[in-house]
Number of protein chains: 2
Amino acid sequence: MFCFNSHHPILFFLFICFFTTTSLAQKFEGKPKDIDQILENITAFSQHVMNSDYDKIADAYTSDAKIFPGNQDILSGRERIKKYWVLPEGVSTSYHKITPEEIKVIKRHAYDYGYYEGKTKRKDGTEVTWKGKYVIVWKKEKGEWKMLLDIWNRI
Amino acid sequence: MFCFNSHHPILFFLFICFFTTTSLAQKFEGKPKDIDQILENITAFSQHVMNSDYDKIADAYTSDAKIFPGNQDILSGRERIKKYWVLPEGVSTSYHKITPEEIKVIKRHAYDYGYYEGKTKRKDGTEVTWKGKYVIVWKKEKGEWKMLLDIWNRI
């Protein structure tokens with residue numbers, strides 16, 4: 001198995017360098033294939049949110065996933081998570097972006113944290129912008145990286 | 001190395017059963033020594049908070065730890081984290097309790113999530129109670145389990 005962690009310190013160093021050229025703040029540790037898939041899933045998730053594609057949003061989570069929205073209990077499982085994400089008729093997320101600061105793969109799990117930002121378009125056409133920070137624990141399920149734990153709070 | 005995960009499914013099952021007798025909601029996966037130390041650290045952390053022992057609070061985190069308090073940016077490193085925890089003169093945390101729902105050890109990291117609750121005693125003697133949920137990523141550093149990522153939000 002090819003692993004950057006301790007077995008190939010030089011490759012690991014180069015890998016870190018490669019990724020840090022894009023942003024000095026970002027640090028990604030893990031096999032490029034895993035990091036790439038997680039990064040793709042992060043971008044795709046924002047797209048699903050902007051498309052109000054609730055099935056794809058729910059599918060981004062493991063079947064036993066937990067989310068931790070503000071001012072309510074922990075929500076468990078895809079059905080409850082999907083319900084959380086559904087916006088009222090006429091309301092949409094016109095902008096959504098996640099900027100990971102660090103992603104570290106550990107076997108079949110990974111932790112990931114950073115910032116998110118977005119805009120909600122209300123029924124009357126006005127927009128509210130918001131920003132926050134998050135921690136996600138990812139899990140590789142049947143070869144796919146899915147969110148197992150997803151918690152955030154506002155800035 | 002003794003590991004419950006996939007190598008000893010029966011022992012692992014018994015381990016889960018043993019722990020779940022205390023609470024149906026709790027699920028702990030990992031070597032008993034690791035789980036015990038994390039649980040001890042969780043209890044000790046609440047004690048340090050109630051004692052306003054800011055050095056011990058800071059020492060519960062790794063040197064590169066990140067915390068994610070509400071309404072501000074990610075805070076990094078023990079000094080900044082310690083500052084965050086320092087309460088104004090005359091204010092104290094009269095009660096602090098963390099109730100983990102799940103802890104899973106993965107090599108030298110662990111994820112942990114659950115609920116927390118507490119009471120803040122104000123200068124005038126009145127108390128405010130609060131409750132929330134959290135996700136912690138732990139890291140074993142020099143044989144000691146310390147918090148690497150600590151994020152929470154209120155209920």
# chains A, B, ... in the order shown; residues from 1 in each chain; ligands from 1
>>> interface_residues(of="chain A", to="chain B", cutoff="12 Å", atoms="only C-alpha atoms", output="CSV table (one decimal) with C-alpha atoms, in the first residue's frame")
chain,number,residue,atom,x,y,z
A,65,ALA,CA,-24.0,10.1,9.7
A,66,LYS,CA,-24.5,12.7,12.3
A,67,ILE,CA,-25.0,16.5,11.8
A,68,PHE,CA,-24.8,19.1,14.5
A,69,PRO,CA,-26.9,22.1,13.4
A,70,GLY,CA,-27.2,25.1,15.7
A,71,ASN,CA,-29.9,25.3,18.4
A,72,GLN,CA,-31.1,21.7,18.1
A,73,ASP,CA,-30.0,18.2,19.0
A,74,ILE,CA,-27.7,16.0,17.0
A,75,LEU,CA,-29.5,14.7,13.9
A,76,SER,CA,-28.7,11.1,12.8
A,101,GLU,CA,-7.7,24.5,5.9
A,102,GLU,CA,-6.5,21.0,6.5
A,104,LYS,CA,-5.8,14.4,7.0
A,105,VAL,CA,-6.6,10.9,6.0
A,106,ILE,CA,-6.2,8.2,8.7
A,107,LYS,CA,-6.8,4.8,7.3
A,108,ARG,CA,-10.5,4.8,6.2
A,109,HIS,CA,-11.3,8.0,8.0
A,110,ALA,CA,-10.3,11.6,7.5
A,111,TYR,CA,-10.7,14.8,9.4
A,112,ASP,CA,-11.2,18.1,7.6
A,113,TYR,CA,-11.8,21.6,8.9
A,114,GLY,CA,-12.0,25.1,7.5
A,115,TYR,CA,-14.4,27.8,6.6
A,116,TYR,CA,-17.6,28.0,4.7
A,130,TRP,CA,-23.3,34.1,6.1
A,131,LYS,CA,-19.9,32.6,7.0
A,132,GLY,CA,-18.7,30.0,9.5
A,133,LYS,CA,-16.2,27.3,10.3
A,134,TYR,CA,-16.6,23.6,10.3
A,135,VAL,CA,-15.2,20.2,11.2
A,136,ILE,CA,-16.0,17.1,9.1
A,137,VAL,CA,-15.0,13.5,9.8
A,138,TRP,CA,-15.1,11.6,6.6
A,139,LYS,CA,-15.4,7.9,6.2
A,148,LEU,CA,-19.8,10.8,8.9
A,149,LEU,CA,-19.8,13.8,11.3
A,150,ASP,CA,-20.5,17.4,10.1
A,151,ILE,CA,-20.5,20.2,12.6
A,152,TRP,CA,-20.2,24.0,12.1
A,153,ASN,CA,-20.9,27.3,13.7
A,154,ARG,CA,-21.1,30.9,12.5
A,155,ILE,CA,-18.5,33.6,12.5
>>> calpha_fit_and_write(fixed="chain A", moving="chain B", output="short mmCIF file (atom, residue, chain, number, x, y, z; two decimals) with N, CA and C atoms, in the first residue's frame")
data_model
loop_
_atom_site.label_atom_id
_atom_site.label_comp_id
_atom_site.auth_asym_id
_atom_site.auth_seq_id
_atom_site.Cartn_x
_atom_site.Cartn_y
_atom_site.Cartn_z
N MET B 1 0.89 -1.20 -0.21
CA MET B 1 0.05 -0.01 -0.19
C MET B 1 0.93 1.23 -0.18
N PHE B 2 0.54 2.18 -0.96
CA PHE B 2 1.29 3.42 -1.08
C PHE B 2 0.76 4.44 -0.09
N CYS B 3 1.63 4.85 0.79
CA CYS B 3 1.16 5.79 1.83
C CYS B 3 2.22 6.85 2.08
N PHE B 4 1.81 8.10 2.12
CA PHE B 4 2.77 9.18 2.31
C PHE B 4 3.25 9.32 3.74
N ASN B 5 2.40 8.95 4.67
CA ASN B 5 2.60 9.35 6.07
C ASN B 5 4.03 9.24 6.60
N SER B 6 4.41 8.05 7.00
CA SER B 6 5.73 7.94 7.60
C SER B 6 6.67 7.16 6.69
N HIS B 7 6.10 6.45 5.72
CA HIS B 7 6.91 5.54 4.93
C HIS B 7 7.71 6.27 3.85
N HIS B 8 7.21 7.35 3.35
CA HIS B 8 7.88 8.09 2.29
C HIS B 8 7.97 9.56 2.68
N PRO B 9 8.83 9.86 3.64
CA PRO B 9 8.84 11.24 4.16
C PRO B 9 9.14 12.29 3.08
N ILE B 10 9.97 11.94 2.11
CA ILE B 10 10.33 12.94 1.09
C ILE B 10 9.15 13.19 0.16
N LEU B 11 8.53 12.08 -0.27
CA LEU B 11 7.35 12.23 -1.13
C LEU B 11 6.26 13.00 -0.39
N PHE B 12 6.14 12.67 0.88
CA PHE B 12 5.12 13.35 1.69
C PHE B 12 5.40 14.84 1.75
N PHE B 13 6.68 15.16 1.93
CA PHE B 13 7.09 16.56 1.99
C PHE B 13 6.77 17.26 0.67
N LEU B 14 7.12 16.60 -0.44
CA LEU B 14 6.86 17.18 -1.75
C LEU B 14 5.37 17.37 -1.98
N PHE B 15 4.62 16.40 -1.48
CA PHE B 15 3.16 16.44 -1.62
C PHE B 15 2.60 17.66 -0.90
N ILE B 16 3.08 17.85 0.33
CA ILE B 16 2.66 19.01 1.11
C ILE B 16 3.03 20.30 0.36
N CYS B 17 4.27 20.34 -0.16
CA CYS B 17 4.75 21.52 -0.87
C CYS B 17 3.87 21.80 -2.09
N PHE B 18 3.56 20.75 -2.83
CA PHE B 18 2.75 20.91 -4.03
C PHE B 18 1.42 21.56 -3.68
N PHE B 19 0.81 21.03 -2.63
CA PHE B 19 -0.51 21.55 -2.28
C PHE B 19 -0.42 22.94 -1.65
N THR B 20 0.64 23.19 -0.92
CA THR B 20 0.72 24.48 -0.24
C THR B 20 1.07 25.61 -1.20
N THR B 21 1.45 25.29 -2.44
CA THR B 21 1.71 26.36 -3.40
C THR B 21 0.41 27.09 -3.76
N THR B 22 -0.71 26.36 -3.70
CA THR B 22 -1.98 26.98 -4.05
C THR B 22 -2.48 27.91 -2.95
N SER B 23 -2.19 27.58 -1.73
CA SER B 23 -2.59 28.44 -0.61
C SER B 23 -1.70 28.13 0.57
N LEU B 24 -1.16 29.14 1.16
CA LEU B 24 -0.24 28.93 2.27
C LEU B 24 -0.93 28.32 3.48
N ALA B 25 -2.24 28.51 3.56
CA ALA B 25 -2.96 28.04 4.74
C ALA B 25 -3.38 26.58 4.63
N GLN B 26 -3.40 26.03 3.44
CA GLN B 26 -3.95 24.68 3.28
C GLN B 26 -2.90 23.59 3.48
N LYS B 27 -3.33 22.51 4.13
CA LYS B 27 -2.44 21.39 4.43
C LYS B 27 -3.23 20.09 4.22
N PHE B 28 -2.82 19.32 3.24
CA PHE B 28 -3.53 18.09 2.94
C PHE B 28 -2.60 16.91 3.11
N GLU B 29 -2.98 15.94 3.93
CA GLU B 29 -2.17 14.76 4.17
C GLU B 29 -2.95 13.50 3.85
N GLY B 30 -2.41 12.69 2.94
CA GLY B 30 -3.07 11.45 2.58
C GLY B 30 -2.67 11.09 1.16
N LYS B 31 -3.15 9.96 0.69
CA LYS B 31 -2.88 9.57 -0.69
C LYS B 31 -3.57 10.56 -1.62
N PRO B 32 -2.89 10.98 -2.69
CA PRO B 32 -3.50 11.96 -3.60
C PRO B 32 -4.89 11.56 -4.06
N LYS B 33 -5.09 10.26 -4.29
CA LYS B 33 -6.40 9.79 -4.75
C LYS B 33 -7.49 10.10 -3.72
N ASP B 34 -7.16 9.88 -2.43
CA ASP B 34 -8.13 10.16 -1.37
C ASP B 34 -8.37 11.66 -1.22
N ILE B 35 -7.27 12.41 -1.18
CA ILE B 35 -7.40 13.87 -1.03
C ILE B 35 -8.21 14.44 -2.20
N ASP B 36 -7.90 13.98 -3.40
CA ASP B 36 -8.63 14.48 -4.59
C ASP B 36 -10.12 14.18 -4.48
N GLN B 37 -10.44 12.97 -4.04
CA GLN B 37 -11.86 12.62 -3.98
C GLN B 37 -12.58 13.45 -2.91
N ILE B 38 -11.92 13.66 -1.78
CA ILE B 38 -12.53 14.49 -0.73
C ILE B 38 -12.73 15.92 -1.23
N LEU B 39 -11.70 16.46 -1.90
CA LEU B 39 -11.82 17.84 -2.43
C LEU B 39 -12.94 17.92 -3.48
N GLU B 40 -13.03 16.91 -4.32
CA GLU B 40 -14.11 16.88 -5.32
C GLU B 40 -15.48 16.83 -4.63
N ASN B 41 -15.56 16.01 -3.59
CA ASN B 41 -16.83 15.89 -2.86
C ASN B 41 -17.23 17.20 -2.19
N ILE B 42 -16.23 17.91 -1.69
CA ILE B 42 -16.49 19.21 -1.05
C ILE B 42 -17.08 20.18 -2.07
N THR B 43 -16.47 20.24 -3.25
CA THR B 43 -16.96 21.13 -4.31
C THR B 43 -18.34 20.70 -4.79
N ALA B 44 -18.51 19.38 -4.96
CA ALA B 44 -19.81 18.86 -5.42
C ALA B 44 -20.90 19.15 -4.40
N PHE B 45 -20.56 19.06 -3.11
CA PHE B 45 -21.55 19.32 -2.07
C PHE B 45 -22.11 20.74 -2.18
N SER B 46 -21.21 21.71 -2.34
CA SER B 46 -21.64 23.11 -2.52
C SER B 46 -22.56 23.22 -3.73
N GLN B 47 -22.21 22.51 -4.79
CA GLN B 47 -23.03 22.55 -6.01
C GLN B 47 -24.43 21.97 -5.74
N HIS B 48 -24.48 20.85 -5.02
CA HIS B 48 -25.78 20.24 -4.68
C HIS B 48 -26.63 21.20 -3.83
N VAL B 49 -25.95 21.91 -2.91
CA VAL B 49 -26.68 22.85 -2.07
C VAL B 49 -27.24 23.98 -2.94
N MET B 50 -26.43 24.48 -3.86
CA MET B 50 -26.90 25.58 -4.73
C MET B 50 -28.00 25.11 -5.69
N ASN B 51 -27.96 23.82 -6.02
CA ASN B 51 -29.00 23.24 -6.91
C ASN B 51 -30.24 22.78 -6.14
N SER B 52 -30.22 22.91 -4.81
CA SER B 52 -31.28 22.33 -3.96
C SER B 52 -31.53 20.87 -4.32
N ASP B 53 -30.45 20.14 -4.59
CA ASP B 53 -30.55 18.72 -4.94
C ASP B 53 -30.42 17.90 -3.64
N TYR B 54 -31.55 17.74 -2.96
CA TYR B 54 -31.53 17.18 -1.61
C TYR B 54 -31.15 15.70 -1.56
N ASP B 55 -31.44 14.96 -2.64
CA ASP B 55 -31.02 13.55 -2.67
C ASP B 55 -29.50 13.45 -2.72
N LYS B 56 -28.89 14.29 -3.54
CA LYS B 56 -27.42 14.25 -3.63
C LYS B 56 -26.78 14.78 -2.35
N ILE B 57 -27.42 15.74 -1.71
CA ILE B 57 -26.92 16.23 -0.41
C ILE B 57 -26.93 15.08 0.59
N ALA B 58 -28.07 14.39 0.69
CA ALA B 58 -28.19 13.26 1.63
C ALA B 58 -27.18 12.17 1.31
N ASP B 59 -26.95 11.93 0.03
CA ASP B 59 -26.04 10.88 -0.41
C ASP B 59 -24.57 11.22 -0.13
N ALA B 60 -24.30 12.47 0.19
CA ALA B 60 -22.92 12.86 0.53
C ALA B 60 -22.55 12.39 1.94
N TYR B 61 -23.56 11.93 2.70
CA TYR B 61 -23.35 11.46 4.08
C TYR B 61 -23.39 9.92 4.15
N THR B 62 -22.72 9.35 5.14
CA THR B 62 -22.84 7.92 5.38
C THR B 62 -24.25 7.63 5.93
N SER B 63 -24.66 6.38 5.86
CA SER B 63 -26.02 6.04 6.32
C SER B 63 -26.20 6.32 7.82
N ASP B 64 -25.10 6.26 8.58
CA ASP B 64 -25.17 6.51 10.03
C ASP B 64 -24.60 7.88 10.41
N ALA B 65 -24.58 8.79 9.45
CA ALA B 65 -23.97 10.11 9.68
C ALA B 65 -24.70 10.90 10.74
N LYS B 66 -23.98 11.83 11.35
CA LYS B 66 -24.54 12.75 12.34
C LYS B 66 -24.21 14.18 11.91
N ILE B 67 -25.23 15.06 11.98
CA ILE B 67 -24.95 16.47 11.79
C ILE B 67 -25.34 17.22 13.07
N PHE B 68 -24.73 18.39 13.25
CA PHE B 68 -24.84 19.14 14.51
C PHE B 68 -25.27 20.58 14.23
N PRO B 69 -26.51 20.77 13.76
CA PRO B 69 -26.94 22.14 13.43
C PRO B 69 -27.14 22.97 14.71
N GLY B 70 -27.01 24.28 14.57
CA GLY B 70 -27.17 25.17 15.72
C GLY B 70 -28.58 25.09 16.32
N ASN B 71 -28.67 25.21 17.64
CA ASN B 71 -29.95 25.31 18.35
C ASN B 71 -30.86 24.10 18.23
N GLN B 72 -30.30 22.94 17.98
CA GLN B 72 -31.09 21.71 18.05
C GLN B 72 -30.18 20.53 18.38
N ASP B 73 -30.79 19.37 18.64
CA ASP B 73 -30.04 18.17 18.99
C ASP B 73 -29.26 17.64 17.78
N ILE B 74 -28.40 16.67 18.05
CA ILE B 74 -27.68 15.97 16.98
C ILE B 74 -28.71 15.24 16.11
N LEU B 75 -28.58 15.38 14.79
CA LEU B 75 -29.49 14.68 13.87
C LEU B 75 -28.74 13.51 13.25
N SER B 76 -29.38 12.35 13.24
CA SER B 76 -28.71 11.13 12.81
C SER B 76 -29.42 10.47 11.64
N GLY B 77 -28.65 10.02 10.66
CA GLY B 77 -29.19 9.28 9.53
C GLY B 77 -29.58 10.16 8.35
N ARG B 78 -29.53 9.58 7.15
CA ARG B 78 -29.73 10.35 5.91
C ARG B 78 -31.10 11.01 5.81
N GLU B 79 -32.16 10.34 6.27
CA GLU B 79 -33.51 10.91 6.13
C GLU B 79 -33.66 12.20 6.93
N ARG B 80 -33.20 12.14 8.20
CA ARG B 80 -33.31 13.32 9.06
C ARG B 80 -32.38 14.43 8.56
N ILE B 81 -31.22 14.02 8.07
CA ILE B 81 -30.26 15.01 7.56
C ILE B 81 -30.83 15.68 6.31
N LYS B 82 -31.43 14.88 5.44
CA LYS B 82 -32.05 15.43 4.23
C LYS B 82 -33.12 16.48 4.59
N LYS B 83 -33.99 16.11 5.54
CA LYS B 83 -35.04 17.03 6.00
C LYS B 83 -34.45 18.36 6.47
N TYR B 84 -33.32 18.25 7.20
CA TYR B 84 -32.70 19.47 7.71
C TYR B 84 -32.33 20.41 6.57
N TRP B 85 -31.84 19.84 5.47
CA TRP B 85 -31.32 20.66 4.37
C TRP B 85 -32.41 21.26 3.48
N VAL B 86 -33.62 20.67 3.52
CA VAL B 86 -34.69 21.15 2.64
C VAL B 86 -35.10 22.57 3.03
N LEU B 87 -35.03 23.47 2.07
CA LEU B 87 -35.40 24.87 2.31
C LEU B 87 -36.87 25.08 2.00
N PRO B 88 -37.48 26.10 2.60
CA PRO B 88 -38.89 26.38 2.29
C PRO B 88 -39.03 26.74 0.80
N GLU B 89 -40.20 26.45 0.26
CA GLU B 89 -40.53 26.79 -1.14
C GLU B 89 -40.17 28.25 -1.43
N GLY B 90 -39.46 28.46 -2.51
CA GLY B 90 -39.12 29.83 -2.92
C GLY B 90 -37.81 30.35 -2.34
N VAL B 91 -37.24 29.60 -1.38
CA VAL B 91 -35.96 30.00 -0.78
C VAL B 91 -34.86 29.12 -1.37
N SER B 92 -33.70 29.69 -1.66
CA SER B 92 -32.61 28.88 -2.20
C SER B 92 -31.26 29.40 -1.72
N THR B 93 -30.25 28.54 -1.84
CA THR B 93 -28.88 28.96 -1.53
C THR B 93 -28.24 29.38 -2.84
N SER B 94 -28.08 30.70 -3.00
CA SER B 94 -27.59 31.20 -4.29
C SER B 94 -26.06 31.09 -4.38
N TYR B 95 -25.41 30.94 -3.24
CA TYR B 95 -23.95 30.80 -3.24
C TYR B 95 -23.54 29.93 -2.08
N HIS B 96 -22.59 29.02 -2.31
CA HIS B 96 -22.08 28.13 -1.25
C HIS B 96 -20.64 27.76 -1.58
N LYS B 97 -19.76 28.03 -0.64
CA LYS B 97 -18.35 27.69 -0.87
C LYS B 97 -17.72 27.19 0.42
N ILE B 98 -16.97 26.10 0.32
CA ILE B 98 -16.26 25.52 1.46
C ILE B 98 -14.76 25.63 1.18
N THR B 99 -14.02 26.16 2.14
CA THR B 99 -12.56 26.29 1.97
C THR B 99 -11.86 25.51 3.06
N PRO B 100 -11.45 24.27 2.75
CA PRO B 100 -10.76 23.49 3.79
C PRO B 100 -9.39 24.08 4.13
N GLU B 101 -9.06 24.07 5.41
CA GLU B 101 -7.74 24.51 5.87
C GLU B 101 -6.80 23.31 5.98
N GLU B 102 -7.36 22.20 6.42
CA GLU B 102 -6.54 20.99 6.56
C GLU B 102 -7.41 19.76 6.33
N ILE B 103 -6.84 18.78 5.64
CA ILE B 103 -7.49 17.47 5.50
C ILE B 103 -6.42 16.44 5.83
N LYS B 104 -6.74 15.53 6.71
CA LYS B 104 -5.80 14.46 7.02
C LYS B 104 -6.51 13.12 6.98
N VAL B 105 -6.00 12.24 6.12
CA VAL B 105 -6.56 10.89 5.99
C VAL B 105 -5.87 9.97 6.99
N ILE B 106 -6.67 9.23 7.77
CA ILE B 106 -6.15 8.24 8.71
C ILE B 106 -6.89 6.94 8.42
N LYS B 107 -6.20 6.03 7.75
CA LYS B 107 -6.81 4.76 7.32
C LYS B 107 -8.08 5.05 6.49
N ARG B 108 -9.23 4.62 6.97
CA ARG B 108 -10.46 4.80 6.19
C ARG B 108 -11.30 5.97 6.71
N HIS B 109 -10.69 6.82 7.53
CA HIS B 109 -11.34 8.03 8.00
C HIS B 109 -10.46 9.23 7.63
N ALA B 110 -11.03 10.39 7.72
CA ALA B 110 -10.26 11.62 7.51
C ALA B 110 -10.91 12.72 8.33
N TYR B 111 -10.08 13.62 8.85
CA TYR B 111 -10.68 14.83 9.41
C TYR B 111 -10.38 15.99 8.49
N ASP B 112 -11.22 16.96 8.55
CA ASP B 112 -11.20 18.09 7.61
C ASP B 112 -11.82 19.27 8.34
N TYR B 113 -11.15 20.42 8.31
CA TYR B 113 -11.77 21.61 8.90
C TYR B 113 -11.42 22.83 8.07
N GLY B 114 -12.21 23.86 8.26
CA GLY B 114 -11.96 25.09 7.51
C GLY B 114 -13.13 26.05 7.65
N TYR B 115 -13.33 26.82 6.61
CA TYR B 115 -14.38 27.85 6.61
C TYR B 115 -15.41 27.57 5.51
N TYR B 116 -16.62 28.07 5.72
CA TYR B 116 -17.64 28.01 4.68
C TYR B 116 -18.31 29.38 4.59
N GLU B 117 -18.88 29.64 3.45
CA GLU B 117 -19.61 30.90 3.28
C GLU B 117 -20.72 30.69 2.27
N GLY B 118 -21.73 31.53 2.32
CA GLY B 118 -22.82 31.37 1.38
C GLY B 118 -23.79 32.52 1.39
N LYS B 119 -24.74 32.41 0.49
CA LYS B 119 -25.81 33.41 0.39
C LYS B 119 -27.14 32.69 0.26
N THR B 120 -28.10 33.12 1.05
CA THR B 120 -29.45 32.58 0.95
C THR B 120 -30.33 33.61 0.24
N LYS B 121 -31.05 33.14 -0.79
CA LYS B 121 -31.97 34.02 -1.52
C LYS B 121 -33.37 33.79 -0.98
N ARG B 122 -33.95 34.86 -0.42
CA ARG B 122 -35.28 34.78 0.18
C ARG B 122 -36.37 34.87 -0.89
N LYS B 123 -37.59 34.61 -0.44
CA LYS B 123 -38.76 34.66 -1.34
C LYS B 123 -38.89 36.03 -2.02
N ASP B 124 -38.59 37.09 -1.26
CA ASP B 124 -38.74 38.44 -1.81
C ASP B 124 -37.55 38.84 -2.70
N GLY B 125 -36.63 37.92 -2.93
CA GLY B 125 -35.50 38.20 -3.83
C GLY B 125 -34.26 38.75 -3.14
N THR B 126 -34.41 39.18 -1.89
CA THR B 126 -33.24 39.71 -1.17
C THR B 126 -32.32 38.55 -0.75
N GLU B 127 -31.06 38.88 -0.54
CA GLU B 127 -30.09 37.86 -0.15
C GLU B 127 -29.49 38.13 1.23
N VAL B 128 -29.24 37.08 1.98
CA VAL B 128 -28.48 37.19 3.23
C VAL B 128 -27.20 36.39 3.07
N THR B 129 -26.08 36.99 3.45
CA THR B 129 -24.81 36.27 3.39
C THR B 129 -24.45 35.77 4.78
N TRP B 130 -23.72 34.67 4.81
CA TRP B 130 -23.29 34.11 6.08
C TRP B 130 -21.94 33.42 5.89
N LYS B 131 -21.29 33.20 7.00
CA LYS B 131 -19.94 32.64 6.99
C LYS B 131 -19.74 31.86 8.28
N GLY B 132 -18.97 30.82 8.23
CA GLY B 132 -18.73 30.05 9.43
C GLY B 132 -17.53 29.14 9.29
N LYS B 133 -17.35 28.30 10.28
CA LYS B 133 -16.25 27.34 10.28
C LYS B 133 -16.81 25.96 10.58
N TYR B 134 -16.09 24.94 10.19
CA TYR B 134 -16.65 23.59 10.29
C TYR B 134 -15.55 22.57 10.61
N VAL B 135 -15.99 21.42 11.13
CA VAL B 135 -15.16 20.23 11.21
C VAL B 135 -15.98 19.08 10.63
N ILE B 136 -15.39 18.35 9.71
CA ILE B 136 -16.04 17.16 9.14
C ILE B 136 -15.14 15.95 9.41
N VAL B 137 -15.74 14.84 9.83
CA VAL B 137 -15.04 13.55 9.85
C VAL B 137 -15.59 12.75 8.68
N TRP B 138 -14.71 12.40 7.76
CA TRP B 138 -15.09 11.63 6.58
C TRP B 138 -14.85 10.14 6.82
N LYS B 139 -15.61 9.32 6.11
CA LYS B 139 -15.42 7.87 6.19
C LYS B 139 -15.50 7.29 4.78
N LYS B 140 -14.58 6.38 4.47
CA LYS B 140 -14.59 5.74 3.15
C LYS B 140 -15.52 4.54 3.23
N GLU B 141 -16.61 4.62 2.49
CA GLU B 141 -17.63 3.57 2.50
C GLU B 141 -17.77 3.03 1.09
N LYS B 142 -17.49 1.75 0.89
CA LYS B 142 -17.54 1.14 -0.46
C LYS B 142 -16.76 1.98 -1.47
N GLY B 143 -15.56 2.39 -1.06
CA GLY B 143 -14.69 3.14 -1.97
C GLY B 143 -15.02 4.60 -2.15
N GLU B 144 -16.09 5.06 -1.48
CA GLU B 144 -16.51 6.46 -1.63
C GLU B 144 -16.33 7.21 -0.31
N TRP B 145 -15.75 8.39 -0.36
CA TRP B 145 -15.62 9.22 0.83
C TRP B 145 -16.93 9.94 1.11
N LYS B 146 -17.48 9.68 2.30
CA LYS B 146 -18.75 10.31 2.69
C LYS B 146 -18.58 10.98 4.06
N MET B 147 -19.44 11.94 4.33
CA MET B 147 -19.37 12.63 5.62
C MET B 147 -20.02 11.79 6.72
N LEU B 148 -19.28 11.56 7.80
CA LEU B 148 -19.79 10.81 8.94
C LEU B 148 -20.25 11.77 10.04
N LEU B 149 -19.43 12.78 10.30
CA LEU B 149 -19.78 13.83 11.28
C LEU B 149 -19.61 15.19 10.60
N ASP B 150 -20.58 16.05 10.78
CA ASP B 150 -20.54 17.37 10.14
C ASP B 150 -21.06 18.39 11.15
N ILE B 151 -20.14 19.22 11.65
CA ILE B 151 -20.49 20.23 12.65
C ILE B 151 -19.94 21.58 12.22
N TRP B 152 -20.64 22.63 12.54
CA TRP B 152 -20.23 23.97 12.13
C TRP B 152 -20.81 25.00 13.08
N ASN B 153 -20.27 26.20 13.02
CA ASN B 153 -20.88 27.35 13.70
C ASN B 153 -20.50 28.63 12.97
N ARG B 154 -21.29 29.65 13.17
CA ARG B 154 -21.14 30.91 12.44
C ARG B 154 -19.98 31.77 12.96
N ILE B 155 -19.55 32.64 12.10
CA ILE B 155 -18.56 33.65 12.52
C ILE B 155 -19.30 34.98 12.62
#
>>> select_by_dssp(residues="chain A", states="strand (DSSP E)", output="number ranges by chain")
A: 27-29, 61-68, 75-76, 92-106, 109-121, 127-141, 144-154
>>> select_by_dssp(residues="chain B", states="alpha helix (DSSP H)", output="VMD selection string")
chain B and resid 9 to 20 32 to 50 54 to 59 78 to 85
